[in-house]
Amino acid sequence: MRKRSSTGVIAGTFVLSLSLAACGSAGGPAAGSGGADGEIGGEITFQTWNLKNEQYTPYFEALVDAFEAEHPGTTVNWVDQPAEGYQEKLSADATAGTLPDVVDMGPEAAYTLGSAGAILDIAEADPDAESDYLDKAWEAMTFDGLGGGTYGYPWYLNTGPSFFNTALFEECGLDPDDLPETYDELFEQARTMGENCDDVSMMARLPVIETFGEYGAQLMNEDGTAYAYNDAAGVELVESFKELYEGQGLTEESLNNLQTNEVEEFKAGRLAYLQGSSYTLNDLKETAPDIYDNIAMGPRIANTAPNMYIESLVVNASSANQATAIAFAKFVTSSENQLEFAKEASVFPSSAGTLEDPYFTEEDGTPETEVRVTTAEQVGEAVVWWPPAFSGAGDAETLREQIALALLGDTSVQDALDASVQYSDERLAAGQ
Amino acid sequence: MTTAVVPHDRPVRSRPEPSRSGRGAASRTHSRWFVPWLFLVPALAVVGVFIVLPFLNTLAIAFTDSTMLVPGQFVGLENFGRLLDDPRFVTALVNSSLYVVVVVPVMVLLPLVLASLVTGQSRIMGFFRTAFYLPVVMSAVIVGLIWTNLLGKQGLVNELLQWLNVVSAPLPFLTDRWLLLFSAMFVTVWMGLGYYMVIYLAALANIDDSLYDAAAMDGAGAVRKFLHVTLPGVRSTMLLIGLLSSIAAFRVFGEVYVLTNGTGGVGGRNLTMTMLIQREGTGLQAQTGYAGAISLVMFVLLGGLIAVQLWLQRKQADR
């Protein structure tokens with residue numbers, strides 16, 4: 001019996017160790033070895049995520065060939081990673097010092113890698129580049145919290161119109177010719193819809209950090225060192241959602257929904273309003289033709305500037321061929337190549353002047369060009385509201401959870417936002 | 001064909017190999033002391049690299065403010081103090097503990113009952129054994145997705161309950177805190193039944209049939225045989241299953257993760273300890289120091305749980 005107990009102790013310790021061994025840490029990134037002013041040449045690796053497929057592969061292969069032809073003696077190895085676990089891949093690479101020379105990522109990842117010194121401050125390494133990009137795009141990659149450095153060449157932008165299911169508007173006593181354009185109108189019509197229809201709703205997701213920006217809340221303090229969305233406007237926004245929830249205008253499922261659930265609800269005909277992107281129209285046409293037949297589009301609902309998202313190309317601070325990496329990142333994000341990519345991918349260029357191309361200004365009467373031209377106009381006034389230091393995991397999840405608790409009445413709206421801000425401030429301080 | 005006959009009163013001993021130098025043989029044996037270790041090297045390497053080193057690393061970083069990309073500084077017990085102020089930690093601890101309290105007794109008893117029912121050599125029993133074991137070979141994610149569809153508002157379970165007039169409106173299995181937690185527990189039990197049933201089947205096979213015959217001759221019915229022959233016969237197996245299922249229940253992740261769509265439920269009220277560790281300890285902005293502290297607390301709690309069970313086991317054996 002004693003022997004069995006010993007075996008049990010060993011087995012138990014082993015299993016326990018497995019649970020504890022799941023956590024790991026990292027060393028810092030390796031010091032840089034290549035200079036930004038060096039000769040262009042040698043081999044670099046260019047990493048994208050979720051772009052190697054039938055639609056985009058020819059574009060990128062041609063792009064790499066063109067760069068290699070323009071700069072003889074250079075070799076660009078293009079690698080693509082799946083979207084699933086991309087952040088984990090970046091962290092593993094950065095930790096191991098094996099980050100590719102040029103990497104495709106958003107500001108959130110760039111902020112984290114920039115704070116760890118793993119990627120290049122473009123404003124310092126290539127100060128002339130700023131004039132090649134839209135001011136807003138450049139600003140979106142310039143991080144106040146990191147001393148005002150710019151940590152990536154702006155690449156493509158994305159925003160989109162509001163989509164409405166007019167059939168649901170009619171069914172629930174709303175006028176499809178009087179679509180909401182402000183948050184006040186949206187909440188009012190959502191309440192009416194909740195009162196008149198049981199199985200459908202106007203909205204199916206809690207506000208996210210971009211919503212606070214679009215509503216008029218101040219997201220961070222001036223120097224980017226603390227969050228501030230628990231201000232009066234932020235509280236007012238969440239109070240409106242709470243009122244809607246209490247009036248049956250928001251289902252309990254909505255408290256837990258992610259963006260994918262929202263899109264599914266819209267496609268299933270249970271949701272009347274969707275903040276879309278430039279991809280949405282085609283997606284609806286292909287995957288939900290019944291809904292597509294009844295949609296109406298309007299400008300993105302915002303009390304302030306509408307939101308947009310940005311993707312960038314960062315350069316590894318430890319790249320052995322930094323000059324080549326910089327040259328390639330600038331080549332990919334040049335006006336000519338961004339325009340071509342925008343045509344392939346239904347996105348918008350961040351390079352200065354490219355939005356003035358007739359492709360973004362002239363309509364041919366089809367819904368597709370209507371969306372493109374309208375959205376391109378929107379890009380001119382849009383802002384990347386997502387604070388780069390705001391984590392898509394911890395911060396965004398905590399915000400959603402706290403708002404849900406406030407809507408359920410477990411805490412007050414102010415306390416919920418205060419708790420969320422406190423959590424994010426602690427993470428921000430820990431990361432600096 | 002000849003058969004060697006060995007007298008019973010003489011011990012059989014292998015004769016030593018003739019050697020020109022006895023000292024040489026001893027030295028050769030001595031010089032090969034490492035040979036057994038060579039056989040162990042692959043296993044030791046795996047355990048060392050994937051368990052011992054990460055374990056020690058986690059132990060070390062739990063006392064630092066390290067993030068995924070920055071090693072961090074020693075902060076003493078700060079992470080543990082932060083844990084006490086973190087309402088998510090309390091929620092996760094309550095949920096994981098409740099999981100142990102509810103799931104473990106069911107996991108110990110129900111598979112035993114099932115094993116007792118399906119023991120035997122007939123084909124129909126074989127069919128049931130296979131059927132009960134089937135969920136074990138399915139991935140937790142697939143099982144979670146199946147049950148997510150079944151338990152949704154438009155899912156089969158709600159449709160059935162409404163059709164039978166048991167409820168007038170769909171039950172919020174996937175949004176209500178307690179309904180979701182108990183739904184996840186149900187899925188865990190459903191998945192684990194077959195595994196523990198097989199362990200019990202092996203234990204049942206070791207019980208001498210004559211004990212059942214003797215009990216029958218004494219007039220015992222099926223229930224009394226179960227209580228007085230089967231249960232004492234599998235007591236040590238029950239303790240083992242209690243130990244294994246406690247560890248598994250406290251570390252529950254997949255079922256709750258999938259049923260909550262990866263969010264930890266409405267307001268994060270269904271977070272479990274492992275989900276909290278995953279949330280804090282993964283991704284580019286992971287706070288590995290804090291996640292390490294949560295892991296360490298979980299390790300200590302699980303260690304305590306196991307110690308109690310081993311103590312109970314020893315006490316049973318001493319009786």
# chains A, B, ... in the order shown; residues from 1 in each chain; ligands from 1
$ interface_residues --of "chain B" --to "chain A" --cutoff "6 Å" --atoms "only C-alpha atoms" --output "mmCIF file with N, CA and C atoms, in the first residue's frame"
data_model
loop_
_atom_site.group_PDB
_atom_site.id
_atom_site.type_symbol
_atom_site.label_atom_id
_atom_site.label_comp_id
_atom_site.auth_asym_id
_atom_site.auth_seq_id
_atom_site.Cartn_x
_atom_site.Cartn_y
_atom_site.Cartn_z
ATOM 1 N N ILE B 51 9.012 19.519 -18.788
ATOM 2 C CA ILE B 51 8.305 19.600 -17.509
ATOM 3 C C ILE B 51 9.151 20.276 -16.422
ATOM 4 N N PRO B 54 10.410 24.067 -17.498
ATOM 5 C CA PRO B 54 9.302 25.040 -17.448
ATOM 6 C C PRO B 54 8.735 25.201 -16.048
ATOM 7 N N PHE B 55 8.713 24.095 -15.299
ATOM 8 C CA PHE B 55 8.219 24.157 -13.917
ATOM 9 C C PHE B 55 9.066 25.122 -13.094
ATOM 10 N N THR B 58 8.590 28.674 -14.293
ATOM 11 C CA THR B 58 7.333 29.259 -13.815
ATOM 12 C C THR B 58 7.450 29.647 -12.347
ATOM 13 N N MET B 68 5.684 38.786 -21.702
ATOM 14 C CA MET B 68 6.141 37.817 -22.699
ATOM 15 C C MET B 68 7.495 38.206 -23.298
ATOM 16 N N LEU B 69 7.722 39.496 -23.457
ATOM 17 C CA LEU B 69 8.939 39.923 -24.142
ATOM 18 C C LEU B 69 10.004 40.508 -23.226
ATOM 19 N N VAL B 70 9.626 40.800 -21.991
ATOM 20 C CA VAL B 70 10.588 41.410 -21.071
ATOM 21 C C VAL B 70 10.737 40.524 -19.836
ATOM 22 N N PRO B 71 11.961 40.116 -19.502
ATOM 23 C CA PRO B 71 12.153 39.187 -18.381
ATOM 24 C C PRO B 71 11.618 39.718 -17.054
ATOM 25 N N VAL B 266 -20.832 35.179 -19.886
ATOM 26 C CA VAL B 266 -21.291 36.568 -19.774
ATOM 27 C C VAL B 266 -20.651 37.210 -18.546
ATOM 28 N N GLY B 267 -19.959 38.311 -18.768
ATOM 29 C CA GLY B 267 -19.289 39.001 -17.666
ATOM 30 C C GLY B 267 -18.104 38.229 -17.108
ATOM 31 N N GLY B 268 -17.645 37.224 -17.818
ATOM 32 C CA GLY B 268 -16.505 36.431 -17.344
ATOM 33 C C GLY B 268 -16.844 35.592 -16.121
ATOM 34 N N GLY B 283 -0.258 35.181 -25.680
ATOM 35 C CA GLY B 283 -0.360 36.372 -26.530
ATOM 36 C C GLY B 283 0.842 37.278 -26.348
ATOM 37 N N LEU B 284 0.939 38.224 -27.241
ATOM 38 C CA LEU B 284 2.090 39.129 -27.231
ATOM 39 C C LEU B 284 2.174 39.946 -25.946
ATOM 40 N N THR B 288 3.354 37.213 -18.023
ATOM 41 C CA THR B 288 3.778 35.866 -17.630
ATOM 42 C C THR B 288 4.050 35.755 -16.132
ATOM 43 N N GLY B 292 2.178 33.158 -13.966
ATOM 44 C CA GLY B 292 2.979 32.200 -13.195
ATOM 45 C C GLY B 292 2.503 32.116 -11.757
ATOM 46 N N SER B 295 -0.592 30.112 -11.649
ATOM 47 C CA SER B 295 -0.233 28.693 -11.814
ATOM 48 C C SER B 295 0.298 28.113 -10.514
ATOM 49 N N PHE B 299 -1.128 25.110 -8.390
ATOM 50 C CA PHE B 299 -0.264 23.967 -8.068
ATOM 51 C C PHE B 299 -0.376 23.617 -6.580
#
$ select_by_dssp --residues "stretch 79-253 of chain B" --states "helix (DSSP H, G or I)" --output "PyMOL selection string"
chain B and resi 79-85+87-118+123-137+140-151+156-163+177-205+209-217+222-233+235-250
$ closest_residue --among "B:Leu243, B:Met298, B:Val136, B:Leu114" --to "B:Met273" --atoms "only C-alpha atoms"
B:Met298
$ atom_distance --atom1 "atom CA of B:Leu180" --atom2 "atom CA of A:Gly247"
24.1 Å
$ select_by_dssp --residues "stretch 227-354 of chain A" --states "strand (DSSP E)" --output "VMD selection string"
chain A and resid 273 to 275 295 to 298 309 to 315 348 to 349
$ write_last_selection --atoms "C-alpha atoms" --output "short mmCIF file (atom, residue, chain, number, x, y, z; two decimals), in the first residue's frame"
data_model
loop_
_atom_site.label_atom_id
_atom_site.label_comp_id
_atom_site.auth_asym_id
_atom_site.auth_seq_id
_atom_site.Cartn_x
_atom_site.Cartn_y
_atom_site.Cartn_z
CA TYR A 273 -27.73 46.70 -38.19
CA LEU A 274 -24.11 45.78 -38.85
CA GLN A 275 -21.02 47.94 -38.90
CA ILE A 295 -29.82 45.56 -47.43
CA ALA A 296 -29.43 49.30 -47.37
CA MET A 297 -26.16 51.08 -46.68
CA GLY A 298 -25.40 54.28 -44.87
CA TYR A 309 -8.27 49.89 -38.97
CA ILE A 310 -4.69 49.93 -40.16
CA GLU A 311 -2.16 47.26 -41.05
CA SER A 312 1.54 48.02 -41.19
CA LEU A 313 4.90 46.57 -42.12
CA VAL A 314 7.44 46.64 -39.32
CA VAL A 315 11.18 46.09 -39.63
CA PHE A 348 -7.70 51.32 -48.93
CA PRO A 349 -4.18 52.68 -49.34
#
$ decode --residues "stretch 110-213 of chain B" --atoms "C-alpha atoms" --output "CSV table (one decimal), in the first residue's frame"
chain,number,residue,atom,x,y,z
B,110,LEU,CA,-21.4,6.6,-12.1
B,111,PRO,CA,-18.7,4.8,-14.1
B,112,LEU,CA,-18.7,2.1,-11.4
B,113,VAL,CA,-22.5,1.6,-11.8
B,114,LEU,CA,-22.1,1.5,-15.5
B,115,ALA,CA,-19.2,-0.9,-15.4
B,116,SER,CA,-21.2,-3.2,-13.1
B,117,LEU,CA,-24.0,-3.1,-15.6
B,118,VAL,CA,-22.0,-3.8,-18.8
B,119,THR,CA,-19.6,-6.3,-17.4
B,120,GLY,CA,-19.9,-9.6,-19.2
B,121,GLN,CA,-18.9,-11.2,-22.5
B,122,SER,CA,-22.1,-10.9,-24.5
B,123,ARG,CA,-22.2,-8.9,-27.7
B,124,ILE,CA,-24.8,-6.5,-26.4
B,125,MET,CA,-22.5,-5.7,-23.5
B,126,GLY,CA,-19.7,-5.1,-25.9
B,127,PHE,CA,-21.9,-2.7,-27.8
B,128,PHE,CA,-22.7,-0.7,-24.7
B,129,ARG,CA,-19.1,-0.6,-23.5
B,130,THR,CA,-18.1,0.8,-26.9
B,131,ALA,CA,-20.9,3.3,-26.9
B,132,PHE,CA,-20.0,4.5,-23.4
B,133,TYR,CA,-16.4,4.8,-24.4
B,134,LEU,CA,-17.0,6.7,-27.7
B,135,PRO,CA,-17.0,10.2,-26.2
B,136,VAL,CA,-13.6,9.6,-24.7
B,137,VAL,CA,-11.9,9.4,-28.1
B,138,MET,CA,-13.6,12.7,-29.3
B,139,SER,CA,-11.7,15.9,-28.8
B,140,ALA,CA,-13.0,18.3,-26.2
B,141,VAL,CA,-13.5,21.0,-28.8
B,142,ILE,CA,-15.7,18.8,-31.0
B,143,VAL,CA,-17.7,17.6,-28.0
B,144,GLY,CA,-18.0,21.3,-26.9
B,145,LEU,CA,-19.3,22.3,-30.4
B,146,ILE,CA,-21.8,19.5,-30.5
B,147,TRP,CA,-23.2,20.5,-27.1
B,148,THR,CA,-23.1,24.2,-27.9
B,149,ASN,CA,-25.4,23.5,-30.8
B,150,LEU,CA,-27.6,21.2,-28.7
B,151,LEU,CA,-27.9,23.6,-25.8
B,152,GLY,CA,-28.4,26.8,-27.8
B,153,LYS,CA,-31.7,28.7,-27.7
B,154,GLN,CA,-32.7,27.1,-30.9
B,155,GLY,CA,-30.9,23.9,-30.0
B,156,LEU,CA,-32.4,20.4,-29.8
B,157,VAL,CA,-32.5,20.3,-26.0
B,158,ASN,CA,-34.6,23.5,-25.8
B,159,GLU,CA,-36.8,22.5,-28.6
B,160,LEU,CA,-37.4,19.2,-26.9
B,161,LEU,CA,-38.2,20.8,-23.5
B,162,GLN,CA,-40.6,23.2,-25.1
B,163,TRP,CA,-42.2,20.4,-27.2
B,164,LEU,CA,-42.7,18.4,-24.0
B,165,ASN,CA,-44.2,21.5,-22.3
B,166,VAL,CA,-41.5,21.3,-19.6
B,167,VAL,CA,-40.6,25.0,-20.2
B,168,SER,CA,-42.4,27.8,-22.0
B,169,ALA,CA,-39.3,29.7,-23.1
B,170,PRO,CA,-35.9,28.5,-24.0
B,171,LEU,CA,-33.6,28.0,-21.1
B,172,PRO,CA,-30.4,30.1,-21.2
B,173,PHE,CA,-28.0,27.1,-21.0
B,174,LEU,CA,-25.2,29.1,-22.6
B,175,THR,CA,-25.6,32.5,-21.0
B,176,ASP,CA,-26.8,31.9,-17.4
B,177,ARG,CA,-23.8,31.5,-15.1
B,178,TRP,CA,-25.0,28.4,-13.2
B,179,LEU,CA,-26.8,26.7,-16.1
B,180,LEU,CA,-23.7,27.1,-18.2
B,181,LEU,CA,-21.4,25.8,-15.5
B,182,PHE,CA,-23.6,22.8,-14.8
B,183,SER,CA,-23.9,22.2,-18.6
B,184,ALA,CA,-20.1,22.1,-18.8
B,185,MET,CA,-20.0,19.7,-15.9
B,186,PHE,CA,-22.5,17.5,-17.6
B,187,VAL,CA,-20.3,17.5,-20.7
B,188,THR,CA,-17.2,16.6,-18.7
B,189,VAL,CA,-19.0,13.7,-17.1
B,190,TRP,CA,-20.4,12.5,-20.4
B,191,MET,CA,-16.9,12.6,-21.9
B,192,GLY,CA,-15.1,11.0,-18.9
B,193,LEU,CA,-17.6,8.2,-18.1
B,194,GLY,CA,-16.2,5.7,-20.6
B,195,TYR,CA,-12.6,6.2,-19.5
B,196,TYR,CA,-13.2,5.6,-15.8
B,197,MET,CA,-15.7,2.8,-16.7
B,198,VAL,CA,-12.8,0.9,-18.4
B,199,ILE,CA,-10.6,1.3,-15.3
B,200,TYR,CA,-13.5,-0.1,-13.2
B,201,LEU,CA,-14.0,-3.0,-15.6
B,202,ALA,CA,-10.4,-4.0,-15.0
B,203,ALA,CA,-10.8,-3.7,-11.3
B,204,LEU,CA,-14.1,-5.7,-11.4
B,205,ALA,CA,-12.3,-8.5,-13.3
B,206,ASN,CA,-9.9,-8.9,-10.3
B,207,ILE,CA,-12.7,-9.6,-7.8
B,208,ASP,CA,-12.9,-13.3,-7.2
B,209,ASP,CA,-16.2,-14.8,-8.4
B,210,SER,CA,-16.3,-17.1,-5.4
B,211,LEU,CA,-17.1,-14.0,-3.2
B,212,TYR,CA,-20.2,-13.4,-5.3
B,213,ASP,CA,-21.1,-17.0,-5.0
